[in-house]
file data.tsv (TSV, C-alpha atoms (C1' of nucleotides))
chain	number	residue	atom	x	y	z
R	1	MET	CA	145.11	195.52	102.10
R	2	LYS	CA	143.11	195.75	105.31
R	3	ALA	CA	143.18	192.49	107.20
R	4	SER	CA	139.68	192.90	108.57
R	5	SER	CA	137.80	193.82	105.40
R	6	ALA	CA	136.84	191.86	102.33
R	7	SER	CA	138.85	193.20	99.45
R	8	ALA	CA	138.00	191.92	95.99
R	9	SER	CA	141.22	189.91	95.73
R	10	SER	CA	140.48	187.93	98.88
R	11	VAL	CA	136.97	186.90	97.88
R	12	ASN	CA	136.45	183.18	97.41
R	13	PRO	CA	135.12	182.95	93.84
R	14	LEU	CA	132.79	180.15	94.83
R	15	GLN	CA	131.21	182.56	97.29
R	16	GLN	CA	130.22	184.97	94.53
R	17	LEU	CA	126.65	184.86	93.34
R	18	GLU	CA	127.40	184.69	89.65
R	19	ASN	CA	129.60	181.63	90.06
R	20	GLN	CA	127.01	179.65	91.88
R	21	LEU	CA	124.35	177.49	90.37
R	22	CYS	CA	121.81	177.97	93.10
R	23	PHE	CA	121.48	181.72	92.95
R	24	PRO	CA	120.68	182.09	89.23
R	25	LEU	CA	118.30	179.17	89.66
R	26	TYR	CA	116.64	180.84	92.61
R	27	ALA	CA	116.45	184.23	90.93
R	28	ALA	CA	115.40	182.98	87.50
R	29	SER	CA	112.68	180.87	89.03
R	30	ARG	CA	111.20	183.86	90.82
R	31	MET	CA	111.54	186.10	87.75
R	32	LEU	CA	109.85	183.58	85.51
R	33	THR	CA	107.05	183.00	87.99
R	34	LYS	CA	106.64	186.75	88.09
R	35	ALA	CA	106.44	186.80	84.31
R	36	TYR	CA	103.58	184.29	84.51
R	37	GLN	CA	101.75	186.41	87.02
R	38	PRO	CA	100.08	188.98	84.72
R	39	LEU	CA	98.85	186.17	82.49
R	40	LEU	CA	97.52	184.15	85.41
R	41	GLN	CA	95.98	186.95	87.42
R	42	GLU	CA	93.38	187.37	84.70
R	43	PHE	CA	92.10	184.02	85.94
R	44	ASP	CA	92.83	184.79	89.59
R	45	LEU	CA	95.35	181.96	89.77
R	46	THR	CA	98.72	181.77	91.44
R	47	TYR	CA	101.47	179.81	89.74
R	48	PRO	CA	101.29	176.82	92.12
R	49	GLN	CA	97.51	176.73	91.68
R	50	TYR	CA	98.00	176.74	87.92
R	51	LEU	CA	100.38	173.79	88.27
R	52	VAL	CA	97.72	171.85	90.15
R	53	LEU	CA	95.27	172.54	87.34
R	54	LEU	CA	97.80	171.42	84.72
R	55	LEU	CA	98.00	168.06	86.48
R	56	LEU	CA	94.24	167.75	86.85
R	57	TRP	CA	93.71	168.59	83.19
R	58	GLU	CA	95.81	165.51	82.41
R	59	HIS	CA	94.02	163.31	84.96
R	60	GLN	CA	90.77	164.54	86.42
R	61	GLU	CA	91.50	162.95	89.76
R	62	ARG	CA	94.71	162.88	91.77
R	63	THR	CA	95.38	162.25	95.43
R	64	VAL	CA	97.18	164.93	97.42
R	65	LYS	CA	100.10	162.53	97.58
R	66	GLU	CA	100.23	162.23	93.78
R	67	LEU	CA	100.06	165.98	93.33
R	68	GLY	CA	102.85	166.34	95.85
R	69	GLU	CA	105.00	163.76	94.07
R	70	HIS	CA	104.67	165.57	90.77
R	71	LEU	CA	105.09	169.07	92.13
R	72	LEU	CA	107.58	168.11	94.84
R	73	LEU	CA	105.44	169.83	97.43
R	74	ASP	CA	104.22	168.45	100.74
R	75	SER	CA	100.83	168.59	102.42
R	76	GLY	CA	101.91	171.58	104.46
R	77	THR	CA	101.94	173.56	101.24
R	78	LEU	CA	99.23	171.73	99.33
R	79	THR	CA	96.50	171.45	101.94
R	80	PRO	CA	95.88	175.19	102.37
R	81	LEU	CA	96.40	175.83	98.64
R	82	LEU	CA	93.87	173.14	97.73
R	83	LYS	CA	91.40	174.43	100.29
R	84	ARG	CA	91.51	177.84	98.63
R	85	MET	CA	90.88	176.20	95.26
R	86	GLU	CA	88.04	174.20	96.77
R	87	GLN	CA	86.42	177.36	98.12
R	88	ARG	CA	86.40	178.73	94.58
R	89	GLN	CA	84.82	175.48	93.35
R	90	LEU	CA	87.73	174.81	91.02
R	91	ILE	CA	88.34	171.41	92.61
R	92	SER	CA	86.71	168.96	94.99
R	93	ARG	CA	88.30	167.27	98.00
R	94	ARG	CA	87.08	163.97	99.41
R	95	ARG	CA	88.52	161.02	101.25
R	96	ASP	CA	89.19	157.87	99.23
R	97	PRO	CA	86.57	155.36	100.49
R	98	ARG	CA	89.04	152.53	99.87
R	99	ASP	CA	91.75	154.23	101.94
R	100	GLU	CA	90.49	156.89	104.25
R	101	ARG	CA	94.00	158.26	104.71
R	102	SER	CA	94.06	159.56	101.14
R	103	VAL	CA	92.29	162.65	99.89
R	104	ILE	CA	91.23	162.65	96.26
R	105	ILE	CA	91.32	165.97	94.45
R	106	GLY	CA	88.85	166.17	91.59
R	107	LEU	CA	88.46	168.68	88.80
R	108	LEU	CA	85.19	170.63	88.97
R	109	PRO	CA	83.53	172.36	85.99
R	110	ALA	CA	84.94	175.76	86.97
R	111	GLY	CA	88.42	174.23	86.96
R	112	GLU	CA	87.85	172.47	83.63
R	113	ALA	CA	86.50	175.74	82.22
R	114	LEU	CA	89.91	177.40	82.71
R	115	ARG	CA	91.60	174.90	80.47
R	116	GLN	CA	90.93	176.40	77.07
R	117	PRO	CA	91.31	180.09	77.96
R	118	THR	CA	94.68	179.42	79.59
R	119	CYS	CA	96.07	177.06	76.97
R	120	ARG	CA	98.07	179.75	75.16
R	121	ILE	CA	99.84	180.98	78.29
R	122	PRO	CA	103.00	178.87	77.83
R	123	GLU	CA	103.38	180.06	74.23
R	124	GLN	CA	102.66	183.66	75.18
R	125	LEU	CA	105.34	183.50	77.79
R	126	PHE	CA	107.81	181.91	75.44
R	127	GLU	CA	107.22	184.66	72.91
R	128	LYS	CA	107.43	187.32	75.60
R	129	MET	CA	110.85	186.03	76.68
R	130	GLY	CA	112.24	185.99	73.16
R	131	PHE	CA	114.43	183.08	74.14
R	132	PRO	CA	115.72	181.05	71.15
R	133	LEU	CA	113.94	177.70	70.91
R	134	MET	CA	117.18	175.73	70.89
R	135	GLU	CA	118.39	177.38	74.07
R	136	PHE	CA	114.98	177.02	75.63
R	137	GLU	CA	114.95	173.30	75.00
R	138	ALA	CA	118.57	172.82	76.05
R	139	LEU	CA	117.99	174.67	79.29
R	140	ARG	CA	114.76	172.81	79.96
R	141	ASP	CA	116.43	169.45	79.39
R	142	GLN	CA	119.38	170.30	81.62
R	143	LEU	CA	117.05	171.45	84.35
R	144	ASN	CA	115.05	168.25	84.12
R	145	ASN	CA	118.34	166.42	84.29
R	146	LEU	CA	119.37	168.34	87.41
R	147	LEU	CA	115.96	167.75	88.90
R	148	THR	CA	116.36	164.01	88.48
R	149	ARG	CA	119.60	164.19	90.41
R	150	LEU	CA	118.14	166.28	93.20
R	151	ARG	CA	114.97	164.27	93.58
D	1	MET	CA	87.12	158.78	74.17
D	2	LYS	CA	85.04	160.56	76.71
D	3	ALA	CA	84.26	164.09	75.61
D	4	SER	CA	84.30	165.48	79.11
D	5	SER	CA	87.56	164.01	80.37
D	6	ALA	CA	91.17	164.79	79.54
D	7	SER	CA	92.56	161.78	77.70
D	8	ALA	CA	96.29	161.69	77.06
D	9	SER	CA	95.87	162.27	73.33
D	10	SER	CA	93.98	165.52	73.84
D	11	VAL	CA	96.52	167.07	76.20
D	12	ASN	CA	98.27	170.16	74.92
D	13	PRO	CA	101.96	169.21	75.15
D	14	LEU	CA	102.84	172.74	76.19
D	15	GLN	CA	100.55	172.27	79.17
D	16	GLN	CA	102.61	169.36	80.46
D	17	LEU	CA	105.02	170.06	83.26
D	18	GLU	CA	108.04	168.39	81.71
D	19	ASN	CA	107.76	170.46	78.52
D	20	GLN	CA	107.76	173.73	80.34
D	21	LEU	CA	110.76	175.74	81.36
D	22	CYS	CA	109.20	177.31	84.40
D	23	PHE	CA	108.30	174.16	86.27
D	24	PRO	CA	111.74	172.50	86.29
D	25	LEU	CA	113.17	175.88	87.18
D	26	TYR	CA	110.73	176.27	90.04
D	27	ALA	CA	111.22	172.72	91.29
D	28	ALA	CA	114.99	172.61	90.86
D	29	SER	CA	115.35	175.91	92.67
D	30	ARG	CA	113.44	174.62	95.66
D	31	MET	CA	115.26	171.29	95.66
D	32	LEU	CA	118.65	172.95	95.52
D	33	THR	CA	117.74	175.39	98.28
D	34	LYS	CA	116.64	172.39	100.29
D	35	ALA	CA	120.00	170.75	99.61
D	36	TYR	CA	121.69	173.83	101.06
D	37	GLN	CA	119.56	173.70	104.15
D	38	PRO	CA	121.36	171.01	106.19
D	39	LEU	CA	124.66	172.80	105.54
D	40	LEU	CA	123.25	176.19	106.49
D	41	GLN	CA	121.22	175.18	109.52
D	42	GLU	CA	124.44	174.42	111.35
D	43	PHE	CA	124.90	178.20	111.29
D	44	ASP	CA	121.21	178.93	111.81
D	45	LEU	CA	120.97	180.63	108.42
D	46	THR	CA	118.28	180.48	105.77
D	47	TYR	CA	119.31	180.54	102.14
D	48	PRO	CA	118.27	184.18	101.54
D	49	GLN	CA	120.11	185.22	104.70
D	50	TYR	CA	123.19	183.40	103.42
D	51	LEU	CA	122.90	185.32	100.15
D	52	VAL	CA	122.90	188.61	102.05
D	53	LEU	CA	126.06	187.54	103.86
D	54	LEU	CA	127.73	186.55	100.56
D	55	LEU	CA	127.16	190.11	99.34
D	56	LEU	CA	128.39	191.68	102.57
D	57	TRP	CA	131.50	189.52	102.56
D	58	GLU	CA	132.33	191.15	99.22
D	59	HIS	CA	131.53	194.67	100.39
D	60	GLN	CA	131.09	195.26	104.09
D	61	GLU	CA	128.42	197.84	103.52
D	62	ARG	CA	125.47	197.83	101.17
D	63	THR	CA	122.24	199.74	101.13
D	64	VAL	CA	118.99	197.80	101.17
D	65	LYS	CA	118.48	199.02	97.64
D	66	GLU	CA	121.81	197.56	96.51
D	67	LEU	CA	121.10	194.25	98.19
D	68	GLY	CA	117.73	194.22	96.48
D	69	GLU	CA	119.24	194.94	93.09
D	70	HIS	CA	121.68	192.06	93.40
D	71	LEU	CA	119.23	189.57	94.87
D	72	LEU	CA	116.21	190.81	92.90
D	73	LEU	CA	114.25	191.15	96.11
D	74	ASP	CA	112.27	194.15	97.30
D	75	SER	CA	112.09	195.80	100.70
D	76	GLY	CA	108.94	193.86	101.52
D	77	THR	CA	111.10	190.75	101.62
D	78	LEU	CA	114.37	192.27	102.75
D	79	THR	CA	113.25	194.48	105.61
D	80	PRO	CA	111.94	191.71	107.88
D	81	LEU	CA	114.77	189.38	106.85
D	82	LEU	CA	117.38	192.01	107.68
D	83	LYS	CA	115.69	192.81	110.98
D	84	ARG	CA	116.03	189.17	111.98
D	85	MET	CA	119.72	189.27	111.06
D	86	GLU	CA	120.11	192.49	113.01
D	87	GLN	CA	118.57	190.91	116.10
D	88	ARG	CA	121.21	188.20	115.92
D	89	GLN	CA	123.92	190.88	115.60
D	90	LEU	CA	125.03	189.53	112.24
D	91	ILE	CA	124.49	192.93	110.60
D	92	SER	CA	123.81	196.54	111.49
D	93	ARG	CA	121.13	198.81	110.07
D	94	ARG	CA	121.43	202.58	110.03
D	95	ARG	CA	120.21	205.46	107.89
D	96	ASP	CA	122.69	207.02	105.51
D	97	PRO	CA	123.41	210.48	106.99
D	98	ARG	CA	123.86	211.87	103.46
D	99	ASP	CA	120.49	210.51	102.33
D	100	GLU	CA	118.15	209.64	105.12
D	101	ARG	CA	115.96	207.64	102.76
D	102	SER	CA	118.60	204.95	102.43
D	103	VAL	CA	119.40	202.30	105.01
D	104	ILE	CA	122.95	201.04	105.11
D	105	ILE	CA	123.46	197.42	106.07
D	106	GLY	CA	126.84	196.74	107.65
D	107	LEU	CA	128.61	193.51	108.44
D	108	LEU	CA	129.10	192.95	112.18
D	109	PRO	CA	131.79	190.68	113.71
D	110	ALA	CA	129.33	187.81	114.17
D	111	GLY	CA	128.49	188.03	110.47
D	112	GLU	CA	132.14	188.24	109.45
D	113	ALA	CA	132.85	185.28	111.71
D	114	LEU	CA	130.61	183.03	109.60
D	115	ARG	CA	132.68	183.65	106.51
D	116	GLN	CA	135.43	181.09	106.99
D	117	PRO	CA	133.38	178.25	108.48
D	118	THR	CA	130.86	178.49	105.59
D	119	CYS	CA	133.36	178.92	102.77
D	120	ARG	CA	133.32	175.25	101.79
D	121	ILE	CA	129.55	175.02	101.49
D	122	PRO	CA	129.40	175.65	97.72
D	123	GLU	CA	131.99	172.95	97.06
D	124	GLN	CA	130.36	170.55	99.47
D	125	LEU	CA	127.11	171.00	97.67
D	126	PHE	CA	128.69	170.56	94.29
D	127	GLU	CA	130.29	167.31	95.42
D	128	LYS	CA	127.06	166.16	97.00
D	129	MET	CA	125.18	166.65	93.71
D	130	GLY	CA	127.74	164.74	91.65
D	131	PHE	CA	126.94	166.98	88.70
D	132	PRO	CA	129.68	167.00	86.02
D	133	LEU	CA	131.59	170.28	86.07
D	134	MET	CA	130.99	170.95	82.38
D	135	GLU	CA	127.24	170.57	82.77
D	136	PHE	CA	127.31	172.59	85.96
D	137	GLU	CA	129.01	175.49	84.21
D	138	ALA	CA	126.88	175.23	81.08
D	139	LEU	CA	123.70	175.27	83.13
D	140	ARG	CA	124.92	178.13	85.30
D	141	ASP	CA	125.82	180.21	82.25
D	142	GLN	CA	122.51	179.54	80.54
D	143	LEU	CA	120.66	180.48	83.70
D	144	ASN	CA	122.60	183.71	84.01
D	145	ASN	CA	121.77	184.31	80.38
D	146	LEU	CA	118.06	183.73	81.03
D	147	LEU	CA	118.26	185.92	84.09
D	148	THR	CA	119.62	188.78	82.01
D	149	ARG	CA	116.65	188.47	79.70
D	150	LEU	CA	114.15	188.40	82.51
D	151	ARG	CA	115.64	191.24	84.46
M	1	DT	C1'	112.10	228.36	95.96
M	2	DA	C1'	107.69	226.31	96.67
M	3	DA	C1'	104.97	222.64	94.68
M	4	DA	C1'	105.15	218.34	92.20
M	5	DA	C1'	107.40	214.24	91.21
M	6	DT	C1'	110.45	210.76	92.48
M	7	DT	C1'	112.87	207.71	95.46
M	8	DA	C1'	113.82	204.43	99.43
M	9	DA	C1'	112.11	201.78	103.21
M	10	DA	C1'	108.66	200.24	105.85
M	11	DT	C1'	104.17	198.34	106.37
M	12	DT	C1'	100.12	195.51	105.30
M	13	DG	C1'	97.95	191.58	103.62
M	14	DC	C1'	98.03	187.34	101.30
M	15	DA	C1'	100.05	183.05	99.53
M	16	DC	C1'	103.34	179.97	99.41
M	17	DA	C1'	107.25	176.69	101.32
M	18	DC	C1'	108.76	173.63	104.61
M	19	DA	C1'	110.27	171.41	109.13
M	20	DA	C1'	108.18	169.24	112.80
M	21	DT	C1'	104.33	167.34	115.07
M	22	DT	C1'	99.79	165.22	115.41
M	23	DG	C1'	96.11	162.02	114.54
M	24	DA	C1'	93.79	158.70	112.05
M	25	DA	C1'	93.96	154.77	108.92
M	26	DT	C1'	96.38	150.96	107.04
M	27	DT	C1'	100.01	147.60	106.71
M	28	DT	C1'	103.53	144.85	108.64
M	29	DT	C1'	105.29	141.90	111.92
M	30	DA	C1'	105.95	139.15	115.89
L	1	DT	C1'	95.50	138.81	115.30
L	2	DA	C1'	97.13	142.21	118.44
L	3	DA	C1'	100.95	145.37	118.76
L	4	DA	C1'	104.28	147.98	116.22
L	5	DA	C1'	105.48	150.41	112.29
L	6	DT	C1'	104.21	152.98	108.41
L	7	DT	C1'	101.51	156.04	105.65
L	8	DC	C1'	98.74	160.10	104.56
L	9	DA	C1'	96.86	164.46	105.40
L	10	DA	C1'	96.26	168.15	108.49
L	11	DT	C1'	98.15	171.38	111.68
L	12	DT	C1'	101.51	174.55	113.75
L	13	DG	C1'	105.00	177.83	113.52
L	14	DT	C1'	108.52	180.34	111.10
L	15	DG	C1'	110.38	182.59	107.08
L	16	DT	C1'	110.20	184.13	102.82
L	17	DG	C1'	108.13	186.55	98.36
L	18	DC	C1'	105.53	190.07	96.44
L	19	DA	C1'	101.76	193.51	95.23
L	20	DA	C1'	100.01	197.58	96.99
L	21	DT	C1'	100.09	201.34	100.04
L	22	DT	C1'	102.22	204.61	103.20
L	23	DT	C1'	105.66	207.75	104.99
L	24	DA	C1'	109.57	210.43	104.88
L	25	DA	C1'	113.38	212.40	102.31
L	26	DT	C1'	115.24	214.18	98.18
L	27	DT	C1'	115.17	215.88	93.54
L	28	DT	C1'	112.97	218.05	89.77
L	29	DT	C1'	110.31	221.46	87.80
L	30	DA	C1'	107.46	225.32	87.06
call {"tool": "encode", "arguments": {"input": "data.tsv", "output": "structure tokens"}}
result
Amino acid sequence: MKASSASASSVNPLQQLENQLCFPLYAASRMLTKAYQPLLQEFDLTYPQYLVLLLLWEHQERTVKELGEHLLLDSGTLTPLLKRMEQRQLISRRRDPRDERSVIIGLLPAGEALRQPTCRIPEQLFEKMGFPLMEFEALRDQLNNLLTRLR
Amino acid sequence: MKASSASASSVNPLQQLENQLCFPLYAASRMLTKAYQPLLQEFDLTYPQYLVLLLLWEHQERTVKELGEHLLLDSGTLTPLLKRMEQRQLISRRRDPRDERSVIIGLLPAGEALRQPTCRIPEQLFEKMGFPLMEFEALRDQLNNLLTRLR
DNA sequence: TAAAATTAAATTGCACACAATTGAATTTTA
DNA sequence: TAAAATTCAATTGTGTGCAATTTAATTTTA
């Protein structure tokens, strides 16, 4: 055994990708986002933009702060993303007259119009994955559980 | 009920964040990477850079292609990342003489030197999360399972 | 074996992500 | 209530991610 090289027997198991939680999380997240991509690009949406629309379809108006709280994203990410969506007239941005610090994001007709045509995307993706429903739900619940801890 | 607005009763449950698999995956991945950050910044490493080192600690030499296969990243991501690591003398980059298309990434002393001082990071993180071991392992295995499907 | 196809990295361009800072508005406090 | 502290969004700068293209090297095929 060479002292200076990493032979398999001397590898700390916790330093191996497959034994970590973070790596499969990191990789699966990117793979799943990539799986969304062909379905979303038909509507010229990125995944984070789609998430913003999901929230606005529930409530037509949200402040940047509220969007950030739900998506766990800060204004450094949201501001430019929302400006791109504003340019496409999917959403509106205006200061809250009652608190000029806040910016209210509103759903515009073009944003509302994407609601129906995109509504089957989650099912389509689920079918595409061929993941058993039980496992899907178990994984989802455990991830939401983890998320609560990390938040 | 206003016809034009999204009332709670008319929301497609599959279009709600908490019912999706992708969102908690996306959010948990970012949160967990963020949890790594304070531990990694002591060594001036980003999470993807740390992943490269984990692989090189197992095998001192890997081609860019091999790194990409393990990390599920392409050269568009890896090339600039590896160049930054090369500048810091953590790794070396050279063409494979037997196949000049390939670039071999080698572990340099400064990269090897990070191995011991970072070896407790996975445990530290695990302790920090306070996630029960059983759940940790179950989640990890399900994610690796999902990853296999998505790959 | 010469042309065609394939492969591996690099490059380009765009969109996140996020830490840190800034600036304006609001709230708290002395 | 005036000063201090806090809050919210925007900005700045760096580092991924990734699709698409390019370039060079190798392999396959006609």
call {"tool": "interface_residues", "arguments": {"input": "data.tsv", "of": "chain R", "to": "chain D", "cutoff": "6 Å", "atoms": "only C-alpha atoms", "output": "MDAnalysis selection string"}}
result
chainID R and resid 6 21 24:26 28:29 57:58 140 143:144 147
call {"tool": "residues_around", "arguments": {"input": "data.tsv", "residues": "DT7 of chain L", "least_positions_apart": "5", "cutoff": "9 Å", "atoms": "all atoms listed in the file", "output": "PyMOL selection string"}}
result
(chain R and resi 101) or (chain M and resi 25-27)
call {"tool": "interface_residues", "arguments": {"input": "data.tsv", "of": "chain R", "to": "chain L", "cutoff": "9 Å", "atoms": "only C-alpha atoms (C1' of nucleotides)", "output": "list of chain:residue names"}}
result
R:Arg30, R:Val64, R:Lys65, R:Ser75, R:Gly76, R:Thr79, R:Glu100, R:Arg101, R:Ser102, R:Val103
call {"tool": "closest_atom_pairs", "arguments": {"input": "data.tsv", "of": "chain M", "to": "chain R", "cutoff": "10 Å", "atoms": "all atoms listed in the file", "output": "Markdown table"}}
result
| residue | atom | partner | partner_atom | distance |
| --- | --- | --- | --- | --- |
| M:DA15 | C1' | R:Leu81 | CA | 8.1 |
| M:DC16 | C1' | R:Thr77 | CA | 6.8 |
| M:DA17 | C1' | R:Thr77 | CA | 6.2 |
| M:DC18 | C1' | R:Gly76 | CA | 7.2 |
| M:DA19 | C1' | R:Gly76 | CA | 9.6 |
| M:DA24 | C1' | R:Arg101 | CA | 7.4 |
| M:DA25 | C1' | R:Arg101 | CA | 5.5 |
| M:DT26 | C1' | R:Asp99 | CA | 7.6 |
call {"tool": "atom_distance", "arguments": {"input": "data.tsv", "atom1": "atom CA of Pro117 of chain D", "atom2": "atom CA of Glu61 of chain D"}}
result
20.8 Å
